[in-house]
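J.: Data: input17.cif, mmCIF, C-alpha atoms and all ligand atoms.
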data_input
loop_
_atom_site.label_atom_id
_atom_site.label_comp_id
_atom_site.auth_asym_id
_atom_site.auth_seq_id
_atom_site.Cartn_x
_atom_site.Cartn_y
_atom_site.Cartn_z
CA MET O 87 79.74 118.83 101.42
CA SER O 88 80.25 115.80 103.66
CA THR O 89 77.59 114.83 106.17
CA CYS O 90 79.78 112.82 108.56
CA PHE O 91 83.40 113.49 107.63
CA ALA O 92 85.35 116.77 107.54
CA ASP O 93 84.96 118.61 104.24
CA ASN O 94 88.61 118.90 103.29
CA LEU O 95 89.58 115.22 102.93
CA ASP O 96 92.10 114.36 100.24
CA SER O 97 90.45 111.51 98.33
CA GLU O 98 93.80 110.71 96.69
CA LEU O 99 94.94 109.25 100.02
CA LEU O 100 92.11 106.67 100.13
CA ASP O 101 93.74 103.24 100.51
CA LYS O 102 97.17 104.78 99.88
CA GLN O 103 98.08 105.98 103.35
CA PRO O 104 96.51 106.34 106.79
CA PHE O 105 95.28 109.79 107.77
CA LYS O 106 93.46 111.41 110.64
CA PHE O 107 90.63 113.94 110.34
CA HIS O 108 87.56 115.19 112.22
CA HIS O 109 84.12 113.63 112.03
CA LYS O 110 80.81 115.43 112.55
CA LEU O 111 78.97 112.72 114.46
CA MET O 112 79.61 113.73 118.08
CA GLY O 113 76.25 113.87 119.83
CA HIS O 114 74.46 111.90 117.08
CA PRO O 115 71.24 110.54 118.64
CA ALA O 116 71.81 106.99 117.32
CA LEU O 117 74.98 106.80 119.41
CA SER O 118 73.49 108.11 122.66
CA LEU O 119 73.60 105.72 125.60
CA GLU O 120 69.80 105.81 125.71
CA ASN O 121 69.53 104.61 122.12
CA LEU O 122 72.33 102.03 122.48
CA SER O 123 70.64 100.68 125.64
CA ARG O 124 67.48 100.20 123.64
CA VAL O 125 69.07 98.80 120.46
CA LEU O 126 71.73 96.40 121.74
CA PRO O 127 69.41 93.92 123.49
CA THR O 128 67.15 93.78 120.40
CA LEU O 129 69.93 92.78 117.96
CA PRO O 130 70.41 89.09 117.07
CA GLY O 131 72.92 87.44 119.44
CA GLN O 132 75.55 86.86 116.75
CA GLN O 133 75.73 90.61 116.10
CA VAL O 134 76.68 91.51 119.66
CA MET O 135 80.01 89.98 120.61
CA TYR O 136 81.07 90.20 124.15
CA SER O 137 84.50 89.40 125.46
CA LYS O 138 85.90 89.62 128.91
CA GLY O 139 89.50 89.40 129.97
CA LEU O 140 91.13 87.29 132.63
CA LEU O 141 90.85 90.04 135.18
CA ASP O 142 87.09 89.93 135.16
CA VAL O 143 85.66 88.75 138.45
CA ASP O 144 82.06 89.50 137.56
CA ALA O 145 81.21 86.00 136.39
CA ASP O 146 77.75 86.39 134.95
CA PHE O 147 78.30 89.68 133.26
CA GLU O 148 77.29 88.65 129.75
CA SER O 149 74.04 86.97 130.61
CA THR O 150 73.15 89.88 132.87
CA PHE O 151 73.70 92.22 129.98
CA ARG O 152 71.95 90.13 127.37
CA LYS O 153 69.04 88.68 129.28
CA LYS O 154 68.16 91.39 131.72
CA PRO O 155 68.97 94.68 130.06
CA LYS O 156 66.43 96.41 132.27
CA ASP O 157 68.13 95.21 135.43
CA ARG O 158 71.39 96.62 134.33
CA SER O 159 71.62 99.80 132.32
CA LEU O 160 74.21 100.30 129.64
CA GLU O 161 75.71 102.99 131.87
CA GLU O 162 76.29 100.31 134.49
CA VAL O 163 77.70 97.92 131.92
CA ILE O 164 80.07 100.66 130.75
CA GLU O 165 81.02 101.38 134.35
CA SER O 166 81.89 97.68 134.75
CA ILE O 167 83.87 97.71 131.51
CA ARG O 168 85.97 100.47 133.02
CA THR O 169 87.41 98.00 135.55
CA THR O 170 86.95 94.55 134.05
CA ASP O 171 89.10 94.40 130.91
CA ALA O 172 86.21 93.65 128.59
CA TYR O 173 84.68 94.81 125.37
CA ILE O 174 81.42 94.74 123.47
CA MET O 175 81.58 94.64 119.70
CA VAL O 176 78.37 95.27 117.78
CA ARG O 177 78.27 94.24 114.14
CA SER O 178 75.89 95.99 111.73
CA PRO O 179 73.87 98.12 114.18
CA GLU O 180 72.45 99.65 110.96
CA VAL O 181 69.82 96.89 110.91
CA ASP O 182 68.06 99.00 113.55
CA PRO O 183 66.08 101.88 111.98
CA SER O 184 67.71 104.39 114.35
CA PHE O 185 71.03 103.76 112.54
CA ALA O 186 69.62 103.74 109.01
CA ASP O 187 70.15 107.44 108.22
CA LEU O 188 73.61 107.41 109.78
CA TYR O 189 74.57 104.38 107.71
CA ARG O 190 73.29 105.97 104.50
CA ALA O 191 75.10 109.22 105.26
CA LEU O 192 78.40 107.43 105.93
CA CYS O 193 78.05 105.38 102.73
CA GLY O 194 77.37 108.69 100.93
CA ASP O 195 80.59 110.27 102.24
CA VAL O 196 82.62 107.16 101.36
CA SER O 197 80.99 107.13 97.93
CA THR O 198 82.06 110.76 97.32
CA LEU O 199 85.67 109.91 98.13
CA MET O 200 85.54 106.79 95.95
CA LYS O 201 84.16 108.70 92.96
CA GLN O 202 86.77 111.43 93.33
CA ARG O 203 89.51 108.84 93.37
CA GLY O 204 87.92 106.79 90.53
CA VAL O 205 87.57 103.50 92.41
CA GLY O 206 83.83 102.95 92.05
CA GLU O 207 80.47 104.55 92.75
CA MET O 208 79.37 103.01 96.04
CA PRO O 209 81.19 101.19 98.87
CA VAL O 210 80.81 97.42 98.50
CA GLY O 211 79.69 95.37 101.51
CA ALA O 212 79.71 98.42 103.80
CA GLN O 213 79.08 97.57 107.45
CA LEU O 214 79.18 99.50 110.70
CA TYR O 215 80.92 98.20 113.80
CA LEU O 216 80.57 99.66 117.29
CA PHE O 217 83.23 99.02 119.93
CA ILE O 218 82.87 99.69 123.63
CA ALA O 219 86.11 98.68 125.31
CA SER O 220 88.01 98.87 128.60
CA PRO O 221 90.80 101.34 129.23
CA ASN O 222 94.20 99.98 128.13
CA SER O 223 92.65 97.18 126.06
CA VAL O 224 94.66 96.16 123.05
CA THR O 225 93.74 94.92 119.58
CA PRO O 226 96.81 92.99 118.40
CA PHE O 227 98.65 93.64 115.14
CA HIS O 228 96.69 92.56 112.05
CA ILE O 229 95.62 93.60 108.56
CA ASP O 230 92.07 93.82 107.21
CA ARG O 231 90.56 92.57 103.96
CA TYR O 232 88.66 95.84 103.69
CA SER O 233 89.18 99.58 104.17
CA THR O 234 88.17 101.33 107.36
CA PHE O 235 87.13 104.73 108.66
CA LEU O 236 87.27 104.62 112.44
CA MET O 237 85.53 107.34 114.47
CA GLN O 238 86.13 108.00 118.17
CA PHE O 239 83.30 109.09 120.51
CA ARG O 240 84.60 108.61 124.02
CA GLY O 241 87.97 107.84 125.58
CA SER O 242 91.20 107.84 123.64
CA LYS O 243 93.20 105.39 121.57
CA THR O 244 96.59 105.07 120.00
CA VAL O 245 96.23 103.47 116.60
CA THR O 246 99.55 102.50 115.03
CA VAL O 247 99.26 102.07 111.26
CA ALA O 248 101.85 101.06 108.68
CA HIS O 249 101.94 101.72 104.95
CA PRO O 250 99.57 99.24 103.27
CA TRP O 251 102.06 97.61 100.91
CA ASP O 252 105.26 97.71 102.98
CA ASP O 253 106.78 94.22 102.69
CA ARG O 254 109.00 94.87 105.72
CA VAL O 255 105.82 95.13 107.81
CA VAL O 256 103.92 92.20 106.27
CA SER O 257 105.64 90.00 103.69
CA GLN O 258 103.89 89.50 100.35
CA GLN O 259 103.48 85.83 101.19
CA ASP O 260 101.86 86.53 104.57
CA ARG O 261 99.63 89.24 103.09
CA GLU O 262 98.35 86.85 100.42
CA ALA O 263 97.80 83.98 102.88
CA TYR O 264 95.98 86.33 105.25
CA VAL O 265 93.65 87.69 102.59
CA ILE O 266 92.72 84.17 101.45
CA ARG O 267 92.26 83.18 105.13
CA GLN O 268 95.02 80.55 105.14
CA ASN O 269 96.90 82.32 107.91
CA THR O 270 95.54 84.80 110.40
CA LYS O 271 98.58 85.24 112.61
CA LEU O 272 101.09 87.79 111.42
CA PRO O 273 104.56 88.11 112.96
CA TRP O 274 105.15 91.34 114.87
CA THR O 275 108.49 92.89 115.79
CA SER O 276 109.26 96.30 117.27
CA LEU O 277 110.71 97.26 113.86
CA ILE O 278 107.12 97.40 112.62
CA ASP O 279 106.35 100.25 115.01
CA GLN O 280 109.40 102.14 113.77
CA LEU O 281 108.03 101.84 110.24
CA SER O 282 104.49 102.88 111.28
CA THR O 283 102.74 106.07 112.34
CA ALA O 284 101.19 106.19 115.82
CA PHE O 285 97.99 108.25 115.71
CA GLU O 286 96.75 109.65 119.02
CA PHE O 287 93.07 109.58 118.67
CA SER O 288 90.40 111.33 120.78
CA PRO O 289 86.63 112.04 120.64
CA GLY O 290 85.59 113.85 117.47
CA GLU O 291 88.52 112.46 115.52
CA ALA O 292 88.50 109.83 112.79
CA LEU O 293 91.16 107.74 111.11
CA HIS O 294 91.44 106.05 107.76
CA ILE O 295 93.07 102.62 107.80
CA PRO O 296 93.82 101.57 104.22
CA PHE O 297 93.09 98.09 102.85
CA VAL O 298 95.77 95.59 104.10
CA ALA O 299 97.64 98.23 106.14
CA GLY O 300 99.14 96.59 109.26
CA HIS O 301 97.80 98.14 112.46
CA HIS O 302 97.26 97.67 116.16
CA VAL O 303 95.21 99.58 118.69
CA ARG O 304 95.71 100.47 122.34
CA ASN O 305 92.98 102.23 124.29
CA GLY O 306 93.97 105.08 126.56
CA PRO O 307 94.20 104.50 130.32
CA GLU O 308 91.68 107.09 131.50
CA ASP O 309 88.24 106.08 130.19
CA VAL O 310 86.11 103.47 128.47
CA SER O 311 86.53 103.83 124.72
CA ILE O 312 83.51 104.09 122.45
CA SER O 313 84.20 104.06 118.74
CA MET O 314 82.48 103.17 115.52
CA SER O 315 83.88 102.14 112.18
CA ILE O 316 82.55 101.78 108.68
CA ILE O 317 84.28 99.01 106.77
CA PHE O 318 83.90 98.58 103.02
CA ASN O 319 85.56 97.54 99.79
CA THR O 320 86.02 99.58 96.64
CA ASP O 321 86.19 98.28 93.06
CA GLU O 322 89.95 98.60 93.42
CA SER O 323 90.28 96.77 96.76
CA ILE O 324 88.10 93.93 95.45
CA ARG O 325 90.53 93.65 92.54
CA TRP O 326 93.43 93.64 95.01
CA ARG O 327 91.72 90.99 97.16
CA ASP O 328 91.23 88.73 94.13
CA ALA O 329 94.77 89.34 92.87
CA LEU O 330 96.24 88.57 96.33
CA SER O 331 94.22 85.34 96.44
CA PHE O 332 95.44 84.44 92.95
CA ASN O 333 99.03 85.21 93.94
CA HIS O 334 98.72 82.87 96.91
CA VAL O 335 97.94 79.97 94.58
CA LEU O 336 100.39 81.08 91.90
CA ARG O 337 103.21 81.48 94.44
CA LYS O 338 103.02 77.78 95.31
CA GLN O 339 103.24 76.77 91.66
CA LEU O 340 106.02 79.19 90.72
CA GLY O 341 107.92 78.32 93.91
CA ARG O 342 108.59 74.86 92.49
CA LEU O 343 110.37 76.56 89.60
CA GLY O 344 112.26 78.91 91.90
CA MET O 345 110.17 81.88 90.72
CA GLN O 346 107.84 84.37 92.39
CA PRO O 347 104.70 86.13 91.18
CA ALA O 348 104.79 89.92 90.67
CA LYS O 349 103.66 91.96 93.65
CA VAL O 350 100.01 93.02 93.91
CA GLY O 351 99.13 96.71 94.30
CA GLN O 352 101.62 98.11 91.81
CA SER O 353 99.92 97.75 88.46
CA ALA O 354 96.16 98.13 87.90
CA TRP O 355 96.14 96.17 84.64
CA ARG O 356 98.13 93.28 86.11
CA ASP O 357 95.86 93.16 89.16
CA SER O 358 92.78 93.21 86.88
CA LEU O 359 94.19 90.34 84.90
CA LYS O 360 94.92 88.37 88.08
CA SER O 361 91.44 89.18 89.38
CA SER O 362 89.77 87.74 86.28
CA LEU O 363 92.08 84.72 86.36
CA TRP O 364 91.14 84.22 90.00
CA HIS O 365 87.43 84.23 89.09
CA ARG O 366 88.11 81.71 86.35
CA TYR O 367 90.13 79.57 88.79
CA ILE O 368 87.41 79.42 91.45
CA LYS O 369 84.80 78.66 88.80
CA MET O 370 86.98 75.85 87.49
CA ARG O 371 87.42 74.50 91.02
CA GLY O 372 83.63 74.46 91.33
CA PHE O 373 83.35 77.13 94.02
CA GLY O 374 81.13 79.30 91.83
CA GLU O 375 81.48 83.05 92.10
FE FE L 1 91.48 96.24 111.97
#
Translate this structure into structure tokens?
Ligand SMILES: [Fe+2]

T.:
Amino acid sequence: MSTCFADNLDSELLDKQPFKFHHKLMGHPALSLENLSRVLPTLPGQQVMYSKGLLDVDADFESTFRKKPKDRSLEEVIESIRTTDAYIMVRSPEVDPSFADLYRALCGDVSTLMKQRGVGEMPVGAQLYLFIASPNSVTPFHIDRYSTFLMQFRGSKTVTVAHPWDDRVVSQQDREAYVIRQNTKLPWTSLIDQLSTAFEFSPGEALHIPFVAGHHVRNGPEDVSISMSIIFNTDESIRWRDALSFNHVLRKQLGRLGMQPAKVGQSAWRDSLKSSLWHRYIKMRGFGE
């Protein structure tokens, strides 16, 4: 029985295709405005990222929020976000004790899916992210070096997600360069949307975004969006990440001979081999492990 996710999830789909389901966290006390108002100002500055768009006329918004939380309630901040094209992103709220049980429960649900699918026991490097964002705000097209479960609490979103290994959406070369952080800008064309699924997403719903699946997000027009994600790697996605990094280096070498490396994500034994070669390579280059 899942604590946070719906009970009928198909673990076989984990990291294979995006899917929507219901979460059980609506009304969770950790996510109440009262608790968030208390927690956010206590978190280290680098964990609370604040961005405001060009339309913002409220010049000292951030310092007001950060330095004088008592002068300005989170409700007021959220009210401002409604009209100012801004967002607050909170990384790892689980460092606050009020999020500890929630974090453990989410890791437990992810762990169940991972075990069922045979990709490890526990999520690796699991982190929570909270997003409070203006209506209509957009997260541009990108891929992630981890897997995601995104849960919606307020407002709506359209999340457009492609198949994780579709080379028409992201070329093998771009995927590899992105994963190794050599290139963070991916080309986008309207063809990508034709190849993707647009998920309409409202409070109480959750979405799985597989490792390296291209996606972009648009918040609905009617309300501030509040969502939370858990990001993590599995034993399999760590292998993929290593193999993609290895391919990036190998591609340059083979390119001189007019050859290309085999695609990652199609053969577990080949990806394992590339993963161990990658570890050997970085050791040899003196980067350690
Ligand atoms: Fe993402």

J.: Using only C-alpha atoms, pick whichever of O:Pro221, O:Gln339, O:Tyr232, O:Arg203 has the shortest atom-to-atom distance to O:Pro307.

T.: O:Pro221

J.: Point out the residue among O:Glu180, O:Glu322, O:Asp230, O:Asp309 with the least atom-to-atom distance to ligand FE 1 (chain L), counting all atoms listed in the file.

T.: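 For ligand FE 1 (chain L), the nearest of the candidates is O:Asp230.
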
J.: Please identify all protein, DNA and RNA residues within 7 Å of ligand FE 1 (chain L), counting all atoms listed in the file, and report them as a list in words.

T.: His228, Ile229, Asp230 and His301 of chain O

J.: Of the candidates O:Gly290, O:Gly372, O:Pro115, O:Pro347, which shows the shortest atom-to-atom distance to O:Leu188, using only C-alpha atoms?

T.: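 Among O:Gly290, O:Gly372, O:Pro115, O:Pro347, it is O:Pro115 that comes nearest to O:Leu188.
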
J.: What are the nearest atom pairs, with distances in Å to one decimal, for all residues of stretch 276-337 of chain O that come at most 10 Å from stretch 159-165 of chain O, using all atoms listed in the file, set out by chain and rising residue number as a tab-separated table?

T.:
residue	atom	partner	partner_atom	distance
O:Asp309	CA	O:Glu165	CA	9.6
O:Val310	CA	O:Ile164	CA	7.0
O:Ser311	CA	O:Ile164	CA	9.4
O:Ile312	CA	O:Ile164	CA	9.6

J.: May I ask which of the residues O:Cys90, O:Asp101, O:Pro179, O:Ala116 is the closest one to O:Gln132, counting all atoms listed in the file?

T.: O:Pro179

J.: Measuring between all atoms listed in the file, which one of O:Gly241, O:Pro226, O:Gly131, O:Gly206 shows the shortest distance to O:His302?

T.: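 For O:His302, the nearest of the candidates is O:Pro226.
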
J.: Could you work out how far atom CA of O:Thr89 lies from atom CA of O:His114, giving the answer in Å with one decimal?

T.: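 Computing it gives 11.7 Å between the two atoms.
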
J.: Kindly extract all protein, DNA and RNA residues lying within 9 Å of the coordinates (83.2, 117.6, 109.4) given in the file, considering all atoms listed in the file, and supply them as a ChimeraX atom specification.

T.: /O:87-94,107-111

J.: Looking at all atoms listed in the file, which of O:Thr246, O:Phe318, O:Arg325, O:Ser166 is the one that sits closest to O:Ala212?

T.: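 Among the listed residues, O:Phe318 lies closest to O:Ala212.
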
J.: List as a ChimeraX atom specification the protein and nucleic acid residues near O:Asp260, meaning an atom at most 12 Å away when all atoms listed in the file are counted, but skip any in the same chain fewer than 2 places from it.

T.: /O:228-229,251-258,262-274,298,300,330-331,333-334,337

J.: Counting only C-alpha atoms, what is within 8 Å of stretch 195-202 of chain O, bar same-chain residues fewer than 2 positions away, as a PyMOL selection string?

T.: chain O and resi 88-91+97-98+100+191-193+204-209+320

J.: Set the distance at 8 Å and use all atoms listed in the file: which residues neighbour O:Val125 once local chain neighbours fewer than 3 positions away are removed? I'd like the list as number ranges by chain.

T.: O: 121-122, 128-129, 179, 182

J.: Quick one: distance from atom CA of O:Gln259 to atom CA of O:Ala299 in Å, one decimal?

T.: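 We find that atom CA of O:Gln259 and atom CA of O:Ala299 lie 14.6 Å from each other.
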
J.: Would you list the residues near (89.6, 83.7, 92.7), meaning any protein, DNA or RNA residue with an atom at most 12 Å from that point in file coordinates, counting all atoms listed in the file, as an MDAnalysis selection string?

T.: chainID O and resid 265:266 324:336 357:375
